[in-house]
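**Q** The following block contains the structure, expressed as structure tokens.
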Amino acid sequence: MRVTIDQEKCVASGQCVTSAADVFDQRDEDGVVVLLNEHPPAELAADVRQAAVVCPALAIQIED
Amino acid sequence: MTSTPTGPEPAEIPEYPMTRAAGCPFDPPPDLLAEQRKGPLTKVRLWDGSTPWLVTRYADQRTVLADRRVSSDVERPGYPSPAPIQPGGSKIGFILMDDPEHARLRRMVTAPFAVKRIEAMRSAVQKIVDGLIDDMLAGPKPVDLVESFALPVPSLVICDLLGVPYSDHDFFQDNSKTIIRRTATPEQRMTASKNLTGYLDRLVDEKLDRPAEDLLSGLTERIKAGELTRQDAAQMGVLLLIAGHETTANMIALGTLALLEHPDQLALLRDTDDPKLVASAVEELLRYLHITHNGRRRAVLEDIEVAGQTIRAGEGLIVPNDIGNRDPGAFEEPDQLDIRRDARHHVAFGFGVHQCLGQTLARMELQVVYSTLYRRIPTLKRATDLDQIPFKHDGSVYGVYELPVTW
Ligand code: HEM
Ligand code: SF4
């Protein structure tokens with residue numbers, strides 16, 4: 001699994017961090033998404049997929 | 001209004017908003033759910049005779065709310081306004097603005113709502129909740145849960161967030177309650193709202209002199225940098241109060257009532273110490289109750305296609321997320337309240353760039369409340385019949401005006 005994010009689109013909802021805190025974080029200054037792990041391990045795959053589904057800004061893309 | 005050859009005849013266009021069924025205070029209006037079963041798109045008629053489109057299904061709702069060609073600006077042609085637009089008074093902050101201005105202003109207040117910053121407030125919120133429960137237990141019963149608990153929790157939390165000093169909490173709470181109170185006259189509401197705006201204005205001045213660790217102090221740096229005016233900063237404080245107070249309060253009171261009417265679900269929640277189940281209960285109650293019941297409203301800026309139909313620039317859209325959250329295409333047995341289901345993908349906070357800024361805070365507050373109230377008062381019950389409880393059918397946010405409880 002490969003994850004990409006788009007910080008320009010991100011609206012700092014925090015939904016991805018709530019879904020998968022080991023993979024996503026937020027910048028201190030404005031809460032915009034930061035990717036911690038571009039290739040998350042299999043056991044986090046479901047959480048990461050959920051993050052992509054609930055992201056309101058469609059800022060998270062996943063390639064298998 | 002633009003006429004559409006494929007649309008229904010004017011006489012058949014149903015009125016919106018619609019009415020809930022008697023005895024079903026937790027369910028969306030049956031006629032609205034019927035529209036969803038009939039098709040993905042229909043027209044509805046509003047108070048002013050305008051006929052915007054109603055987007056009935058979960059998937060289409062998310063698609064249009066994420067589309068940059070739709071606008072939240074009430075002054076755009078076709079915007080389906082829920083009430084007459086007050087000239088000059090319409091722009092209550094960035095919630096009714098479009099990008100890039102919306103994004104510029106929103107990003108100035110996103111930092112304090114980041115997941116880690118909100119988690120750091122959890123023990124303070126727990127203290128507020130425990131203190132209010134102590135007071136209730138020490139006082140007379142029955143008691144109105146709305147007045148004694150549901151309204152003060154978010155009000156005190158917003159005080160903490162904004163940096164309202166303790167000595168001003170009563171003033172802040174009294175005025176914000178007046179804005180919401182059903183029996184308040186329009187003049188009383190106006191005065192309370194002016195009091196709060198004036199107060200926040202002065203508070204911003206104070207924070208400019210003596211900044212502390214709070215949201216308004218954070219904004220003073222933007223003022224000093226010339227990115228934000230003092231008035232805009234105070235206005236943001238007002239927006240956060242309006243957007244975060246009654247919503248959270250209604251979720252506390254209506255959520256409690258819904259749980260009391262679903263004792264098996266209440267028992268599950270009361271008896272667990274699994275934070276995951278508590279979090280899942282919060283998501284499910286947000287989905288099931290969907291308190292922002294008058295639909296998201298948008299104006300279409302350029303022709304777009306929704307469910308195979310072209311919607312023209314200048315037409316209006318109503319996106320009733322309450323029935324999106326009851327769409328069987330997105331949730332199995334959507335009319336069941338089931339706190340163990342995975343409801344995370346609900347649209348109770350909207351979708352797209354305007355999705356609720358305060359959602360992480362609201363989630364945390366509700367998690368603390370739902371995991372504390374029923375545990376500390378295990379025999380909590382209604383002190384009046386369900387049909388005696390006044391529901392906010394007429395409110396911009398759904399809930400109960402009063403909830404007399406005893407134990
Ligand atoms: C359970 C409680 C809450 C519910 C159900 C709720 C619901 C919503 C919804 C549906 C929207 C989207 C509006 C739109 O698309 O036009 C929204 C936006 C917003 N909410 Fe909340 N909200 C809640 C709590 C809060 C809290 C606690 C705060 C802050 C203290 C807050 C601040 C905001 C702000 C500032 C916006 C505007 C965001 C923007 O336009 O970018 N909300 N909320
Ligand atoms: S869920 Fe999307 S919008 Fe929200 S913080 Fe993550 S990337 Fe940004």
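Identifiers for the structure tokens are assigned positionally: chains receive A, B, ... in sequence, residues are indexed from 1 per chain, and ligands are indexed from 1 in the order shown.
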Within 7 Å of ligand 1, counting only C-alpha atoms and all ligand atoms: which residues, as a ChimeraX atom specification?
**A** /B:72,94-96,102,106,158,239-241,243-245,247-248,251,286,290-292,296-297,348-351,353-359,361-363
**Q** 7 Å from ligand 2 is the threshold here; counting only C-alpha atoms and all ligand atoms, which polymer residues fall inside it? Answer as a list in words.
**A**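 Within the 7 Å cut-off, the matching residues are Ile5, Cys10, Val11, Ala12, Ser13, Gly14, Gln15, Cys16, Val17, Gln26, Gly31, Val32, Val33, Ala51, Val54, Cys55, Pro56, Ala57, Leu58, Ala59 and Ile60 of chain A.
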**Q** For the selection you just gave me, I'd like the residues written to a file as a short mmCIF file (atom, residue, chain, number, x, y, z; two decimals), in the first residue's frame, keeping N, CA, C and O atoms.
**A**
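Listing of result_37.cif after writing:
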```cif
data_model
loop_
_atom_site.label_atom_id
_atom_site.label_comp_id
_atom_site.auth_asym_id
_atom_site.auth_seq_id
_atom_site.Cartn_x
_atom_site.Cartn_y
_atom_site.Cartn_z
N ILE A 5 -0.64 12.30 0.07
CA ILE A 5 -1.53 13.32 0.61
C ILE A 5 -1.37 14.61 -0.18
O ILE A 5 -0.34 14.82 -0.82
N CYS A 10 -6.05 19.89 1.93
CA CYS A 10 -6.40 19.55 3.31
C CYS A 10 -7.09 20.70 4.04
O CYS A 10 -6.66 21.85 3.96
N VAL A 11 -8.19 20.41 4.76
CA VAL A 11 -8.88 21.44 5.54
C VAL A 11 -8.71 21.22 7.04
O VAL A 11 -9.48 21.75 7.85
N ALA A 12 -7.72 20.41 7.42
CA ALA A 12 -7.36 20.23 8.83
C ALA A 12 -8.51 19.72 9.68
O ALA A 12 -8.68 20.15 10.82
N SER A 13 -9.27 18.80 9.14
CA SER A 13 -10.40 18.26 9.90
C SER A 13 -9.94 17.32 11.01
O SER A 13 -10.66 17.08 11.98
N GLY A 14 -8.76 16.73 10.85
CA GLY A 14 -8.26 15.78 11.84
C GLY A 14 -8.82 14.37 11.68
O GLY A 14 -8.44 13.46 12.43
N GLN A 15 -9.68 14.16 10.71
CA GLN A 15 -10.32 12.85 10.56
C GLN A 15 -9.31 11.73 10.30
O GLN A 15 -9.50 10.61 10.75
N CYS A 16 -8.23 12.04 9.55
CA CYS A 16 -7.25 10.99 9.25
C CYS A 16 -6.47 10.60 10.50
O CYS A 16 -6.17 9.42 10.70
N VAL A 17 -6.17 11.58 11.35
CA VAL A 17 -5.43 11.28 12.59
C VAL A 17 -6.32 10.44 13.52
O VAL A 17 -5.86 9.48 14.14
N GLN A 26 -0.63 16.06 12.24
CA GLN A 26 -1.00 17.40 11.79
C GLN A 26 0.11 18.37 12.13
O GLN A 26 0.73 18.27 13.19
N GLY A 31 -2.54 22.69 11.67
CA GLY A 31 -3.33 21.46 11.67
C GLY A 31 -3.40 20.73 10.35
O GLY A 31 -4.14 19.76 10.21
N VAL A 32 -2.62 21.18 9.37
CA VAL A 32 -2.64 20.52 8.06
C VAL A 32 -1.93 19.17 8.15
O VAL A 32 -0.98 18.98 8.90
N VAL A 33 -2.44 18.21 7.38
CA VAL A 33 -1.96 16.81 7.45
C VAL A 33 -0.47 16.67 7.16
O VAL A 33 0.10 17.39 6.33
N ALA A 51 -9.39 6.32 6.72
CA ALA A 51 -8.96 7.73 6.69
C ALA A 51 -9.26 8.34 5.32
O ALA A 51 -9.79 9.45 5.22
N VAL A 54 -13.06 8.94 4.94
CA VAL A 54 -13.69 10.01 5.73
C VAL A 54 -13.05 11.38 5.50
O VAL A 54 -13.61 12.39 5.96
N CYS A 55 -11.93 11.46 4.81
CA CYS A 55 -11.31 12.76 4.56
C CYS A 55 -12.28 13.65 3.77
O CYS A 55 -12.63 13.33 2.63
N PRO A 56 -12.72 14.77 4.34
CA PRO A 56 -13.74 15.59 3.68
C PRO A 56 -13.20 16.36 2.48
O PRO A 56 -13.97 16.87 1.67
N ALA A 57 -11.87 16.45 2.37
CA ALA A 57 -11.27 17.25 1.31
C ALA A 57 -10.75 16.38 0.17
O ALA A 57 -10.14 16.89 -0.77
N LEU A 58 -10.99 15.07 0.25
CA LEU A 58 -10.49 14.11 -0.75
C LEU A 58 -8.99 14.33 -0.96
O LEU A 58 -8.50 14.36 -2.09
N ALA A 59 -8.26 14.47 0.14
CA ALA A 59 -6.83 14.82 0.08
C ALA A 59 -5.93 13.60 0.27
O ALA A 59 -4.71 13.75 0.31
N ILE A 60 -6.52 12.41 0.45
CA ILE A 60 -5.71 11.21 0.69
C ILE A 60 -5.94 10.21 -0.44
O ILE A 60 -7.09 9.86 -0.74
#
```
**Q** Might you pull out every residue within 8 Å of B:Val125, with only C-alpha atoms counted and same-chain residues fewer than 3 positions away left off, and present them as a list of chain:residue names?
**A**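 The residues that qualify are B:Met121, B:Arg122, B:Ile128, B:Val129, B:Val157, B:Glu365, B:Val368.
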**Q** Determine, for each residue of chain B having at least one atom at most 8 Å from an atom of chain A, the closest pair of atoms and their separation in Å to one decimal, counting only C-alpha atoms; order by chain and ascending number, as a tab-separated table.
**A**
```
residue	atom	partner	partner_atom	distance
B:Ala66	CA	A:Ala57	CA	6.6
B:Ala103	CA	A:Val11	CA	7.6
B:Arg107	CA	A:Asp30	CA	5.9
B:Met108	CA	A:Asp30	CA	6.9
B:Val109	CA	A:Asp30	CA	7.4
B:Thr110	CA	A:Asp30	CA	5.4
B:Ala111	CA	A:Asp30	CA	4.4
B:Pro112	CA	A:Gly31	CA	7.9
B:Phe113	CA	A:Gly31	CA	7.4
B:Ala114	CA	A:Gly31	CA	5.3
B:Val115	CA	A:Gly14	CA	5.9
B:Arg344	CA	A:Val54	CA	7.4
B:His345	CA	A:Val54	CA	5.5
B:Phe351	CA	A:Pro56	CA	5.0
B:Gly352	CA	A:Pro56	CA	4.6
B:Val353	CA	A:Ala57	CA	5.8
B:Gln355	CA	A:Pro56	CA	6.5
B:Cys356	CA	A:Ser13	CA	7.3
B:Leu357	CA	A:Ser13	CA	6.1
B:Gln359	CA	A:Ser13	CA	7.4
B:Thr360	CA	A:Gly14	CA	6.9
```
**Q** Find the residues around B:Gly237 up to 8 Å (only C-alpha atoms counted), leave out those fewer than 4 positions away in its own chain, and share them as number ranges by chain.
**A** B: 162, 200, 216, 233, 241
**Q** When you count only C-alpha atoms, which of these residues is closest to B:Glu302: B:Gly226, B:Gly49, B:Gly39, B:Gly78?
**A**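 Residue with the minimum atom-to-atom distance to B:Glu302: B:Gly78.
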**Q** Could you give me the residues within chain A that DSSP places in alpha helix (DSSP H), as a compact mmCIF listing (two decimals) with N, CA and C atoms, in the first residue's frame?
**A**
```
# COMPACT_ATOMS: atom_id res chain seq x y z
N GLN A 15 -9.68 14.16 10.71
CA GLN A 15 -10.32 12.85 10.56
C GLN A 15 -9.31 11.73 10.30
N CYS A 16 -8.23 12.04 9.55
CA CYS A 16 -7.25 10.99 9.25
C CYS A 16 -6.47 10.60 10.50
N VAL A 17 -6.17 11.58 11.35
CA VAL A 17 -5.43 11.28 12.59
C VAL A 17 -6.32 10.44 13.52
N THR A 18 -7.60 10.78 13.58
CA THR A 18 -8.53 10.00 14.40
C THR A 18 -8.61 8.56 13.88
N SER A 19 -8.49 8.37 12.57
CA SER A 19 -8.58 7.02 12.00
C SER A 19 -7.28 6.23 12.14
N ALA A 45 -3.75 -1.24 7.28
CA ALA A 45 -4.37 -0.96 5.99
C ALA A 45 -5.83 -0.53 6.12
N ALA A 46 -6.59 -1.24 6.98
CA ALA A 46 -8.02 -0.92 7.11
C ALA A 46 -8.21 0.49 7.67
N ASP A 47 -7.40 0.85 8.66
CA ASP A 47 -7.50 2.19 9.25
C ASP A 47 -7.16 3.28 8.22
N VAL A 48 -6.14 3.01 7.42
CA VAL A 48 -5.72 4.00 6.42
C VAL A 48 -6.79 4.16 5.34
N ARG A 49 -7.40 3.03 4.95
CA ARG A 49 -8.49 3.11 3.98
C ARG A 49 -9.65 3.93 4.55
N GLN A 50 -9.91 3.73 5.83
CA GLN A 50 -10.99 4.51 6.44
C GLN A 50 -10.65 6.00 6.43
N ALA A 51 -9.39 6.32 6.72
CA ALA A 51 -8.96 7.73 6.69
C ALA A 51 -9.26 8.34 5.32
N ALA A 52 -8.94 7.58 4.26
CA ALA A 52 -9.17 8.10 2.90
C ALA A 52 -10.67 8.29 2.65
N VAL A 53 -11.49 7.39 3.18
CA VAL A 53 -12.94 7.49 2.99
C VAL A 53 -13.51 8.70 3.72
N VAL A 54 -13.06 8.94 4.94
CA VAL A 54 -13.69 10.01 5.73
C VAL A 54 -13.05 11.38 5.50
```
